[in-house]
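upload_10.cif (mmCIF, C-alpha atoms and all ligand atoms; chains and numbers go by the auth columns)
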data_coords
loop_
_atom_site.group_PDB
_atom_site.id
_atom_site.type_symbol
_atom_site.label_atom_id
_atom_site.label_comp_id
_atom_site.label_asym_id
_atom_site.label_seq_id
_atom_site.Cartn_x
_atom_site.Cartn_y
_atom_site.Cartn_z
_atom_site.B_iso_or_equiv
_atom_site.auth_seq_id
_atom_site.auth_asym_id
ATOM 1 C CA MET A 1 115.328 130.133 80.374 0.00 27 M
ATOM 2 C CA LYS A 2 118.640 130.331 78.617 0.00 28 M
ATOM 3 C CA ALA A 3 118.633 126.567 77.938 0.00 29 M
ATOM 4 C CA ALA A 4 115.154 126.756 76.505 0.00 30 M
ATOM 5 C CA TRP A 5 116.176 129.586 74.209 0.00 31 M
ATOM 6 C CA ILE A 6 119.203 127.654 72.987 0.00 32 M
ATOM 7 C CA ALA A 7 117.039 124.582 72.436 0.00 33 M
ATOM 8 C CA ALA A 8 114.575 126.645 70.439 0.00 34 M
ATOM 9 C CA ALA A 9 117.386 128.175 68.386 0.00 35 M
ATOM 10 C CA LEU A 10 118.845 124.738 67.695 0.00 36 M
ATOM 11 C CA MET A 11 115.447 123.412 66.705 0.00 37 M
ATOM 12 C CA SER A 12 114.776 126.196 64.246 0.00 38 M
ATOM 13 C CA GLY A 13 118.254 125.759 62.867 0.00 39 M
ATOM 14 C CA MET A 14 117.590 122.080 62.357 0.00 40 M
ATOM 15 C CA MET A 15 114.273 122.797 60.757 0.00 41 M
ATOM 16 C CA PHE A 16 115.841 125.390 58.538 0.00 42 M
ATOM 17 C CA SER A 17 118.502 123.023 57.279 0.00 43 M
ATOM 18 C CA ALA A 18 115.948 120.242 56.836 0.00 44 M
ATOM 19 C CA SER A 19 113.672 122.483 54.800 0.00 45 M
ATOM 20 C CA SER A 20 116.499 123.983 52.771 0.00 46 M
ATOM 21 C CA GLN A 21 117.648 120.459 51.923 0.00 47 M
ATOM 22 C CA ALA A 22 114.180 119.569 50.758 0.00 48 M
ATOM 23 C CA ALA A 23 114.125 122.693 48.629 0.00 49 M
ATOM 24 C CA LYS A 24 117.380 121.914 46.839 0.00 50 M
ATOM 25 C CA VAL A 25 116.867 122.254 43.121 0.00 51 M
ATOM 26 C CA TYR A 26 119.452 120.358 41.111 0.00 52 M
ATOM 27 C CA GLN A 27 120.826 122.436 38.255 0.00 53 M
ATOM 28 C CA VAL A 28 120.940 120.304 35.132 0.00 54 M
ATOM 29 C CA GLY A 29 123.118 121.476 32.253 0.00 55 M
ATOM 30 C CA THR A 30 122.334 120.466 28.683 0.00 56 M
ATOM 31 C CA ASP A 31 123.470 121.816 25.315 0.00 57 M
ATOM 32 C CA ALA A 32 120.010 122.177 23.833 0.00 58 M
ATOM 33 C CA ALA A 33 120.967 122.308 20.165 0.00 59 M
ATOM 34 C CA TYR A 34 120.873 118.567 19.795 0.00 60 M
ATOM 35 C CA ALA A 35 117.456 117.331 18.734 0.00 61 M
ATOM 36 C CA PRO A 36 115.956 114.866 19.416 0.00 62 M
ATOM 37 C CA PHE A 37 117.948 114.598 22.660 0.00 63 M
ATOM 38 C CA GLU A 38 117.732 118.229 23.753 0.00 64 M
ATOM 39 C CA SER A 39 116.474 121.323 22.003 0.00 65 M
ATOM 40 C CA VAL A 40 114.552 124.512 22.684 0.00 66 M
ATOM 41 C CA ASN A 41 110.936 124.603 21.447 0.00 67 M
ATOM 42 C CA GLU A 42 108.853 127.602 20.266 0.00 68 M
ATOM 43 C CA LYS A 43 107.862 128.280 23.862 0.00 69 M
ATOM 44 C CA LYS A 44 111.556 128.527 24.738 0.00 70 M
ATOM 45 C CA GLU A 45 111.353 125.360 26.841 0.00 71 M
ATOM 46 C CA VAL A 46 114.164 122.824 26.879 0.00 72 M
ATOM 47 C CA VAL A 47 112.661 119.569 25.589 0.00 73 M
ATOM 48 C CA GLY A 48 113.753 116.183 24.253 0.00 74 M
ATOM 49 C CA PHE A 49 114.549 112.569 24.998 0.00 75 M
ATOM 50 C CA ASP A 50 117.220 113.396 27.585 0.00 76 M
ATOM 51 C CA ILE A 51 114.911 115.867 29.307 0.00 77 M
ATOM 52 C CA GLU A 52 112.151 113.274 29.657 0.00 78 M
ATOM 53 C CA VAL A 53 114.548 110.556 30.812 0.00 79 M
ATOM 54 C CA MET A 54 116.107 112.889 33.383 0.00 80 M
ATOM 55 C CA SER A 55 112.705 114.130 34.586 0.00 81 M
ATOM 56 C CA ALA A 56 111.466 110.558 35.009 0.00 82 M
ATOM 57 C CA ILE A 57 114.610 109.611 36.948 0.00 83 M
ATOM 58 C CA ALA A 58 114.273 112.721 39.112 0.00 84 M
ATOM 59 C CA ALA A 59 110.653 111.892 39.921 0.00 85 M
ATOM 60 C CA LYS A 60 111.647 108.386 41.048 0.00 86 M
ATOM 61 C CA ALA A 61 114.605 109.661 43.040 0.00 87 M
ATOM 62 C CA GLY A 62 112.662 112.505 44.648 0.00 88 M
ATOM 63 C CA LEU A 63 114.963 115.137 43.173 0.00 89 M
ATOM 64 C CA GLN A 64 113.838 118.551 41.988 0.00 90 M
ATOM 65 C CA VAL A 65 115.585 119.494 38.759 0.00 91 M
ATOM 66 C CA LYS A 66 115.909 122.602 36.638 0.00 92 M
ATOM 67 C CA PHE A 67 117.228 122.336 33.061 0.00 93 M
ATOM 68 C CA ILE A 68 119.608 125.046 31.956 0.00 94 M
ATOM 69 C CA ASN A 69 120.696 125.434 28.351 0.00 95 M
ATOM 70 C CA THR A 70 124.484 125.371 28.585 0.00 96 M
ATOM 71 C CA PRO A 71 127.001 125.637 25.715 0.00 97 M
ATOM 72 C CA TRP A 72 128.783 122.349 24.978 0.00 98 M
ATOM 73 C CA GLU A 73 132.178 124.001 25.239 0.00 99 M
ATOM 74 C CA GLY A 74 132.801 124.292 28.944 0.00 100 M
ATOM 75 C CA ILE A 75 129.759 122.223 29.950 0.00 101 M
ATOM 76 C CA PHE A 76 131.906 119.742 31.915 0.00 102 M
ATOM 77 C CA ALA A 77 133.699 122.543 33.764 0.00 103 M
ATOM 78 C CA THR A 78 130.328 123.596 35.238 0.00 104 M
ATOM 79 C CA LEU A 79 130.273 120.355 37.252 0.00 105 M
ATOM 80 C CA GLY A 80 133.683 121.070 38.737 0.00 106 M
ATOM 81 C CA ASN A 81 132.886 124.661 39.686 0.00 107 M
ATOM 82 C CA GLY A 82 129.430 123.861 41.053 0.00 108 M
ATOM 83 C CA GLU A 83 127.385 125.847 38.516 0.00 109 M
ATOM 84 C CA ARG A 84 125.664 122.611 37.522 0.00 110 M
ATOM 85 C CA ASP A 85 125.006 119.487 39.602 0.00 111 M
ATOM 86 C CA ILE A 86 124.161 117.243 36.676 0.00 112 M
ATOM 87 C CA VAL A 87 124.920 117.224 32.947 0.00 113 M
ATOM 88 C CA ILE A 88 122.666 115.261 30.607 0.00 114 M
ATOM 89 C CA SER A 89 123.564 116.135 27.038 0.00 115 M
ATOM 90 C CA ALA A 90 123.933 112.954 24.988 0.00 116 M
ATOM 91 C CA VAL A 91 127.371 112.688 26.592 0.00 117 M
ATOM 92 C CA THR A 92 129.374 109.655 25.528 0.00 118 M
ATOM 93 C CA ILE A 93 131.101 107.917 28.413 0.00 119 M
ATOM 94 C CA THR A 94 134.813 107.844 27.552 0.00 120 M
ATOM 95 C CA PRO A 95 137.857 106.785 29.600 0.00 121 M
ATOM 96 C CA GLU A 96 139.328 110.332 29.365 0.00 122 M
ATOM 97 C CA ARG A 97 136.139 111.997 30.576 0.00 123 M
ATOM 98 C CA LYS A 98 135.884 109.482 33.424 0.00 124 M
ATOM 99 C CA GLN A 99 139.090 110.938 34.833 0.00 125 M
ATOM 100 C CA THR A 100 137.461 114.292 35.494 0.00 126 M
ATOM 101 C CA MET A 101 133.809 113.436 36.204 0.00 127 M
ATOM 102 C CA ASP A 102 131.624 110.517 37.206 0.00 128 M
ATOM 103 C CA PHE A 103 128.998 108.912 34.985 0.00 129 M
ATOM 104 C CA SER A 104 125.764 107.094 35.667 0.00 130 M
ATOM 105 C CA ASP A 105 125.123 103.710 34.160 0.00 131 M
ATOM 106 C CA PRO A 106 124.635 103.978 30.383 0.00 132 M
ATOM 107 C CA TYR A 107 121.145 105.037 29.296 0.00 133 M
ATOM 108 C CA PHE A 108 121.489 105.075 25.486 0.00 134 M
ATOM 109 C CA GLU A 109 123.584 103.439 22.781 0.00 135 M
ATOM 110 C CA ALA A 110 124.870 105.526 19.885 0.00 136 M
ATOM 111 C CA LYS A 111 127.419 105.540 17.083 0.00 137 M
ATOM 112 C CA GLN A 112 129.070 108.027 14.782 0.00 138 M
ATOM 113 C CA LEU A 113 127.436 108.526 11.389 0.00 139 M
ATOM 114 C CA ILE A 114 128.783 110.311 8.304 0.00 140 M
ATOM 115 C CA ALA A 115 126.561 112.814 6.499 0.00 141 M
ATOM 116 C CA ILE A 116 127.373 113.775 2.890 0.00 142 M
ATOM 117 C CA GLY A 117 125.741 115.736 0.090 0.00 143 M
ATOM 118 C CA PRO A 118 123.601 114.027 -2.596 0.00 144 M
ATOM 119 C CA ASN A 119 126.399 114.003 -5.201 0.00 145 M
ATOM 120 C CA SER A 120 129.266 112.950 -2.955 0.00 146 M
ATOM 121 C CA LYS A 121 131.447 110.002 -3.985 0.00 147 M
ATOM 122 C CA VAL A 122 132.401 109.207 -0.405 0.00 148 M
ATOM 123 C CA ALA A 123 131.624 105.555 0.365 0.00 149 M
ATOM 124 C CA LYS A 124 133.460 104.939 3.632 0.00 150 M
ATOM 125 C CA PHE A 125 135.133 106.770 6.497 0.00 151 M
ATOM 126 C CA ALA A 126 138.643 106.346 5.032 0.00 152 M
ATOM 127 C CA ASP A 127 137.529 108.371 1.992 0.00 153 M
ATOM 128 C CA LEU A 128 137.380 111.419 4.273 0.00 154 M
ATOM 129 C CA LYS A 129 141.148 111.371 4.872 0.00 155 M
ATOM 130 C CA THR A 130 141.860 114.538 2.856 0.00 156 M
ATOM 131 C CA LEU A 131 138.400 116.130 2.731 0.00 157 M
ATOM 132 C CA LYS A 132 136.949 119.006 4.747 0.00 158 M
ATOM 133 C CA ILE A 133 134.966 117.589 7.637 0.00 159 M
ATOM 134 C CA GLY A 134 132.588 119.452 9.915 0.00 160 M
ATOM 135 C CA VAL A 135 132.365 118.381 13.568 0.00 161 M
ATOM 136 C CA GLN A 136 131.114 119.829 16.835 0.00 162 M
ATOM 137 C CA THR A 137 134.144 120.945 18.856 0.00 163 M
ATOM 138 C CA GLY A 138 135.268 118.476 21.491 0.00 164 M
ATOM 139 C CA THR A 139 132.772 115.743 20.680 0.00 165 M
ATOM 140 C CA THR A 140 133.483 112.102 19.973 0.00 166 M
ATOM 141 C CA GLY A 141 132.921 112.975 16.293 0.00 167 M
ATOM 142 C CA ASP A 142 135.806 115.456 16.568 0.00 168 M
ATOM 143 C CA GLU A 143 137.913 112.688 18.171 0.00 169 M
ATOM 144 C CA VAL A 144 137.359 110.084 15.444 0.00 170 M
ATOM 145 C CA VAL A 145 138.125 112.603 12.702 0.00 171 M
ATOM 146 C CA GLN A 146 141.311 113.615 14.530 0.00 172 M
ATOM 147 C CA LYS A 147 142.329 109.964 14.503 0.00 173 M
ATOM 148 C CA LEU A 148 141.814 109.799 10.750 0.00 174 M
ATOM 149 C CA GLN A 149 143.350 113.125 9.748 0.00 175 M
ATOM 150 C CA GLY A 150 145.693 113.938 12.619 0.00 176 M
ATOM 151 C CA LYS A 151 145.007 116.320 15.514 0.00 177 M
ATOM 152 C CA THR A 152 146.352 119.384 13.707 0.00 178 M
ATOM 153 C CA SER A 153 144.630 118.812 10.368 0.00 179 M
ATOM 154 C CA ALA A 154 143.421 122.072 8.825 0.00 180 M
ATOM 155 C CA ASN A 155 140.615 120.111 7.148 0.00 181 M
ATOM 156 C CA ILE A 156 138.769 119.612 10.424 0.00 182 M
ATOM 157 C CA LYS A 157 136.200 122.404 10.617 0.00 183 M
ATOM 158 C CA ARG A 158 134.934 122.808 14.167 0.00 184 M
ATOM 159 C CA PHE A 159 131.496 124.231 15.012 0.00 185 M
ATOM 160 C CA GLU A 160 129.913 125.145 18.322 0.00 186 M
ATOM 161 C CA SER A 161 126.909 122.946 17.580 0.00 187 M
ATOM 162 C CA THR A 162 126.202 119.916 15.408 0.00 188 M
ATOM 163 C CA PRO A 163 123.294 121.595 13.512 0.00 189 M
ATOM 164 C CA LEU A 164 125.687 124.420 12.526 0.00 190 M
ATOM 165 C CA ALA A 165 128.116 121.848 11.096 0.00 191 M
ATOM 166 C CA LEU A 166 125.254 120.200 9.174 0.00 192 M
ATOM 167 C CA LYS A 167 124.078 123.586 7.848 0.00 193 M
ATOM 168 C CA GLU A 168 127.587 124.171 6.564 0.00 194 M
ATOM 169 C CA LEU A 169 127.330 120.837 4.723 0.00 195 M
ATOM 170 C CA LEU A 170 124.084 122.080 3.119 0.00 196 M
ATOM 171 C CA ASN A 171 125.924 125.265 2.092 0.00 197 M
ATOM 172 C CA GLY A 172 128.774 123.275 0.587 0.00 198 M
ATOM 173 C CA GLY A 173 131.357 124.645 3.022 0.00 199 M
ATOM 174 C CA VAL A 174 132.384 121.152 4.161 0.00 200 M
ATOM 175 C CA ASP A 175 132.433 117.818 2.315 0.00 201 M
ATOM 176 C CA ALA A 176 131.001 115.772 5.165 0.00 202 M
ATOM 177 C CA VAL A 177 129.947 115.887 8.812 0.00 203 M
ATOM 178 C CA VAL A 178 130.718 113.224 11.403 0.00 204 M
ATOM 179 C CA ALA A 179 128.383 113.237 14.401 0.00 205 M
ATOM 180 C CA ASP A 180 126.120 111.083 16.573 0.00 206 M
ATOM 181 C CA ASN A 181 123.686 108.993 14.486 0.00 207 M
ATOM 182 C CA GLY A 182 120.493 110.121 16.237 0.00 208 M
ATOM 183 C CA VAL A 183 121.149 113.795 15.626 0.00 209 M
ATOM 184 C CA VAL A 184 122.229 113.350 11.992 0.00 210 M
ATOM 185 C CA VAL A 185 119.141 111.252 11.224 0.00 211 M
ATOM 186 C CA ASN A 186 116.884 113.807 12.938 0.00 212 M
ATOM 187 C CA PHE A 187 118.431 116.725 11.025 0.00 213 M
ATOM 188 C CA ILE A 188 117.971 114.993 7.674 0.00 214 M
ATOM 189 C CA ALA A 189 114.371 114.077 8.516 0.00 215 M
ATOM 190 C CA ASN A 190 113.710 117.771 9.200 0.00 216 M
ATOM 191 C CA ASN A 191 115.536 118.926 6.033 0.00 217 M
ATOM 192 C CA LYS A 192 114.146 116.448 3.523 0.00 218 M
ATOM 193 C CA GLY A 193 114.650 118.727 0.533 0.00 219 M
ATOM 194 C CA SER A 194 118.394 118.725 1.190 0.00 220 M
ATOM 195 C CA LYS A 195 118.777 115.089 0.085 0.00 221 M
ATOM 196 C CA LEU A 196 121.730 114.545 2.414 0.00 222 M
ATOM 197 C CA LYS A 197 122.897 110.930 2.599 0.00 223 M
ATOM 198 C CA THR A 198 124.420 108.975 5.462 0.00 224 M
ATOM 199 C CA ILE A 199 127.188 106.402 5.667 0.00 225 M
ATOM 200 C CA ASP A 200 127.613 104.033 8.549 0.00 226 M
ATOM 201 C CA ASP A 201 131.190 102.756 8.835 0.00 227 M
ATOM 202 C CA SER A 202 132.071 99.526 10.604 0.00 228 M
ATOM 203 C CA SER A 203 135.167 101.179 12.095 0.00 229 M
ATOM 204 C CA PHE A 204 132.993 103.301 14.393 0.00 230 M
ATOM 205 C CA ALA A 205 132.747 101.886 17.902 0.00 231 M
ATOM 206 C CA LYS A 206 129.566 101.690 19.922 0.00 232 M
ATOM 207 C CA GLU A 207 129.162 104.640 22.266 0.00 233 M
ATOM 208 C CA TYR A 208 127.093 104.860 25.422 0.00 234 M
ATOM 209 C CA TYR A 209 125.543 108.008 26.836 0.00 235 M
ATOM 210 C CA GLY A 210 125.753 108.596 30.570 0.00 236 M
ATOM 211 C CA ILE A 211 124.586 111.289 32.968 0.00 237 M
ATOM 212 C CA ALA A 212 127.557 113.165 34.414 0.00 238 M
ATOM 213 C CA VAL A 213 128.079 114.512 37.928 0.00 239 M
ATOM 214 C CA LYS A 214 131.022 116.093 39.726 0.00 240 M
ATOM 215 C CA LYS A 215 133.787 113.600 40.376 0.00 241 M
ATOM 216 C CA GLY A 216 133.252 111.969 43.751 0.00 242 M
ATOM 217 C CA ASN A 217 129.544 112.842 44.139 0.00 243 M
ATOM 218 C CA LYS A 218 128.686 109.237 44.987 0.00 244 M
ATOM 219 C CA GLU A 219 125.460 110.078 46.782 0.00 245 M
ATOM 220 C CA LEU A 220 123.877 111.804 43.792 0.00 246 M
ATOM 221 C CA LEU A 221 125.217 109.178 41.409 0.00 247 M
ATOM 222 C CA ALA A 222 123.638 106.382 43.450 0.00 248 M
ATOM 223 C CA LYS A 223 120.277 108.191 43.331 0.00 249 M
ATOM 224 C CA LEU A 224 120.515 108.652 39.554 0.00 250 M
ATOM 225 C CA ASN A 225 121.444 105.016 38.997 0.00 251 M
ATOM 226 C CA LYS A 226 118.612 103.830 41.205 0.00 252 M
ATOM 227 C CA GLY A 227 116.157 106.104 39.379 0.00 253 M
ATOM 228 C CA LEU A 228 117.431 104.908 36.010 0.00 254 M
ATOM 229 C CA ALA A 229 117.043 101.261 37.047 0.00 255 M
ATOM 230 C CA ASP A 230 113.519 102.055 38.287 0.00 256 M
ATOM 231 C CA ILE A 231 112.368 103.683 35.033 0.00 257 M
ATOM 232 C CA LYS A 232 113.813 100.773 33.071 0.00 258 M
ATOM 233 C CA ALA A 233 112.031 98.278 35.318 0.00 259 M
ATOM 234 C CA ASP A 234 108.593 99.924 35.236 0.00 260 M
ATOM 235 C CA GLY A 235 108.495 100.532 31.479 0.00 261 M
ATOM 236 C CA SER A 236 108.652 104.318 31.584 0.00 262 M
ATOM 237 C CA TYR A 237 112.077 104.391 29.915 0.00 263 M
ATOM 238 C CA ALA A 238 110.743 102.178 27.094 0.00 264 M
ATOM 239 C CA LYS A 239 107.787 104.519 26.668 0.00 265 M
ATOM 240 C CA ILE A 240 110.016 107.579 26.279 0.00 266 M
ATOM 241 C CA HIS A 241 112.332 105.675 23.931 0.00 267 M
ATOM 242 C CA LYS A 242 109.382 104.676 21.778 0.00 268 M
ATOM 243 C CA LYS A 243 108.065 108.236 21.666 0.00 269 M
ATOM 244 C CA TYR A 244 111.340 109.516 20.220 0.00 270 M
ATOM 245 C CA PHE A 245 112.760 106.589 18.271 0.00 271 M
ATOM 246 C CA GLY A 246 109.797 104.328 17.498 0.00 272 M
ATOM 247 C CA GLN A 247 109.225 100.620 18.175 0.00 273 M
HETATM 248 N N1 LIG B . 127.978 112.079 22.127 0.00 301 M
HETATM 249 C C1 LIG B . 128.901 113.067 21.692 0.00 301 M
HETATM 250 C C2 LIG B . 129.941 113.327 22.741 0.00 301 M
HETATM 251 O O1 LIG B . 129.752 113.007 23.866 0.00 301 M
HETATM 252 C C3 LIG B . 128.250 114.381 21.318 0.00 301 M
HETATM 253 C C4 LIG B . 127.387 114.990 22.371 0.00 301 M
HETATM 254 C C5 LIG B . 126.989 116.413 22.075 0.00 301 M
HETATM 255 N N2 LIG B . 125.865 116.770 22.861 0.00 301 M
HETATM 256 C C6 LIG B . 125.216 117.946 22.761 0.00 301 M
HETATM 257 N N3 LIG B . 124.127 118.132 23.421 0.00 301 M
HETATM 258 N N4 LIG B . 125.702 118.876 21.988 0.00 301 M
HETATM 259 O O2 LIG B . 130.961 113.873 22.476 0.00 301 M
#

Just give me the structure as structure tokens.
Ligand code: ARG
Amino acid sequence: MKAAWIAAALMSGMMFSASSQAAKVYQVGTDAAYAPFESVNEKKEVVGFDIEVMSAIAAKAGLQVKFINTPWEGIFATLGNGERDIVISAVTITPERKQTMDFSDPYFEAKQLIAIGPNSKVAKFADLKTLKIGVQTGTTGDEVVQKLQGKTSANIKRFESTPLALKELLNGGVDAVVADNGVVVNFIANNKGSKLKTIDDSSFAKEYYGIAVKKGNKELLAKLNKGLADIKADGSYAKIHKKYFGQ
């Protein structure tokens, strides 16, 4: 009698943990002010290239995911404190970041790009040495400008999002913006009247975006990498890439 009751209790406990595992919804953080990678549409849904890539990976890996718009500043801390399980946010894999979080295999190649107004005389990155530059705080764009001007330069104008920095360029509040190429190109395409120009500088290194997880979460990372390899192999990655970037 007693044994049977214990067995039944154990069974239901096992079933409970099995079902609660199956019901785990992975919380995915993304700073959705970064079209075409992540943005919020009219229906208030988080959409974009990263969202489709992550959803396709999740489907392959059998993971349930929920995208949560999360400010860039502090986004990495949400992995450490467990508020988010995954961050996909056009995040460049850097040696410094690798010390505090783990990254999937690269899923996208990017580069910094300079945006300037139609009448600017700037021709190369070095010309920005003493000019006012807009960047998104804590991005790789911020890092390259710090290298040029010095960490404490008062001419580095930091914004909480890249579109805000680009709007400030339209308003004449900064002389240039340095940010990821895909986002700069997208902004200009959507603000044609502005006649902003871009400058690609050979000093900018190639960057690779990765999906970030809490440091040491090898199990989840393995699933993401497997899913990423699967969507590359079956052509679904190429399809999403084509939808957003052509060819
Ligand atoms: N790739 C750049 C970096 O990692 C900028 C990423 C910003 N992403 C965003 N969704 N705001 O620093």

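This file, filtered with the PyMOL selection byres (((chain M and resi 56) around 6) and not hetatm), gives the residues M:Gly55, M:Asp57, M:Ala58, M:Asn95, M:Thr96, M:Val113, M:Ile114, M:Ser115.
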
Which is closest to Val54 (chain M) among M:Gly88, M:Gly108, M:Gly272, M:Gly100, if we use all atoms listed in the file? M:Gly108

Which one of M:Ser229, M:Gln90, M:Thr120, M:Gln175 sits closest to Thr156 (chain M) if you count all atoms listed in the file? M:Gln175

Centre and edge lengths of an axis-aligned box around all listed atoms of region 70-87 of chain M, with 3 Å added on each side, are to be given in Å to one decimal, as AutoDock Vina command-line options.
--center_x 113.9 --center_y 118.5 --center_z 33.6 --size_x 12.6 --size_y 26.1 --size_z 24.8

Please write out the residues within 9 Å of ligand LIG 301 (chain M) as a short mmCIF file (atom, residue, chain, number, x, y, z; two decimals) with C-alpha atoms, in the frame of the given file, counting only C-alpha atoms and all ligand atoms.
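The resulting selection_0.cif:
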data_model
loop_
_atom_site.label_atom_id
_atom_site.label_comp_id
_atom_site.auth_asym_id
_atom_site.auth_seq_id
_atom_site.Cartn_x
_atom_site.Cartn_y
_atom_site.Cartn_z
CA THR M 56 122.33 120.47 28.68
CA ASP M 57 123.47 121.82 25.32
CA ALA M 58 120.01 122.18 23.83
CA ALA M 59 120.97 122.31 20.16
CA TYR M 60 120.87 118.57 19.80
CA ALA M 61 117.46 117.33 18.73
CA PHE M 63 117.95 114.60 22.66
CA GLU M 64 117.73 118.23 23.75
CA SER M 65 116.47 121.32 22.00
CA THR M 96 124.48 125.37 28.58
CA PRO M 97 127.00 125.64 25.72
CA TRP M 98 128.78 122.35 24.98
CA GLU M 99 132.18 124.00 25.24
CA ILE M 114 122.67 115.26 30.61
CA SER M 115 123.56 116.14 27.04
CA ALA M 116 123.93 112.95 24.99
CA VAL M 117 127.37 112.69 26.59
CA THR M 118 129.37 109.66 25.53
CA ILE M 119 131.10 107.92 28.41
CA THR M 120 134.81 107.84 27.55
CA ALA M 136 124.87 105.53 19.89
CA LYS M 137 127.42 105.54 17.08
CA GLN M 138 129.07 108.03 14.78
CA GLN M 162 131.11 119.83 16.84
CA THR M 163 134.14 120.94 18.86
CA GLY M 164 135.27 118.48 21.49
CA THR M 165 132.77 115.74 20.68
CA THR M 166 133.48 112.10 19.97
CA GLY M 167 132.92 112.98 16.29
CA ASP M 168 135.81 115.46 16.57
CA GLU M 169 137.91 112.69 18.17
CA GLU M 186 129.91 125.14 18.32
CA SER M 187 126.91 122.95 17.58
CA THR M 188 126.20 119.92 15.41
CA ALA M 205 128.38 113.24 14.40
CA ASP M 206 126.12 111.08 16.57
CA GLU M 233 129.16 104.64 22.27
CA TYR M 234 127.09 104.86 25.42
CA TYR M 235 125.54 108.01 26.84
CA GLY M 236 125.75 108.60 30.57
#

Hey, can you check how far CA of Ile182 (chain M) sits from CA of Ile159 (chain M)? 5.1 Å

Go ahead and compute the interatomic distance for CA of Met127 (chain M) and CA of Lys240 (chain M), in Å to one decimal. 5.2 Å

What residues come out when you apply the PyMOL selection byres (((chain M and resi 223) around 9) and not hetatm) to this file, written as number ranges by chain? M: 140-144, 146, 214, 221-222, 224-225

Which is closest to Asp201 (chain M) among M:Arg184, M:Lys147, M:Lys70, M:Lys249, if we use all atoms listed in the file? M:Lys147

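In this model, the gap between CA of Thr126 (chain M) and CA of Asn107 (chain M) comes to 12.1 Å.
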
Might you spell out which residues the PyMOL selection byres (((chain M and resi 254) around 12) and not hetatm) would select in the displayed file, as a PyMOL selection string? chain M and resi 76+78-87+130-134+236-237+247-253+255-264

Determine the nearest neighbour of Val210 (chain M) from the options M:Leu174, M:Ile94, M:Val72, M:Ala191, counting all atoms listed in the file. M:Ala191

Here's a test: counting only C-alpha atoms, identify every protein, DNA and RNA residue with an atom at most 8 Å from (128.3, 120.4, 9.3) in the file's coordinate frame, and state them as a PyMOL selection string. chain M and resi 159-161+185+188-196+200+202-204

Name all residues at most 9 Å from Val239 (chain M) (count all atoms listed in the file; drop same-chain ones fewer than 2 positions away) and give them as a PyMOL selection string. chain M and resi 102+105-106+110-113+127-130+237+241-244+246-247

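In terms of minimum interatomic distance to Leu154 (chain M), M:Asp227 ranks closest within M:Val73, M:Lys124, M:Glu245, M:Asp227, counting only C-alpha atoms.
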
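Among the candidates M:Phe230, M:Asn67, M:Phe213, M:Asn207, the residue lying nearest to Val170 (chain M) is M:Phe230 (atoms considered: all atoms listed in the file).
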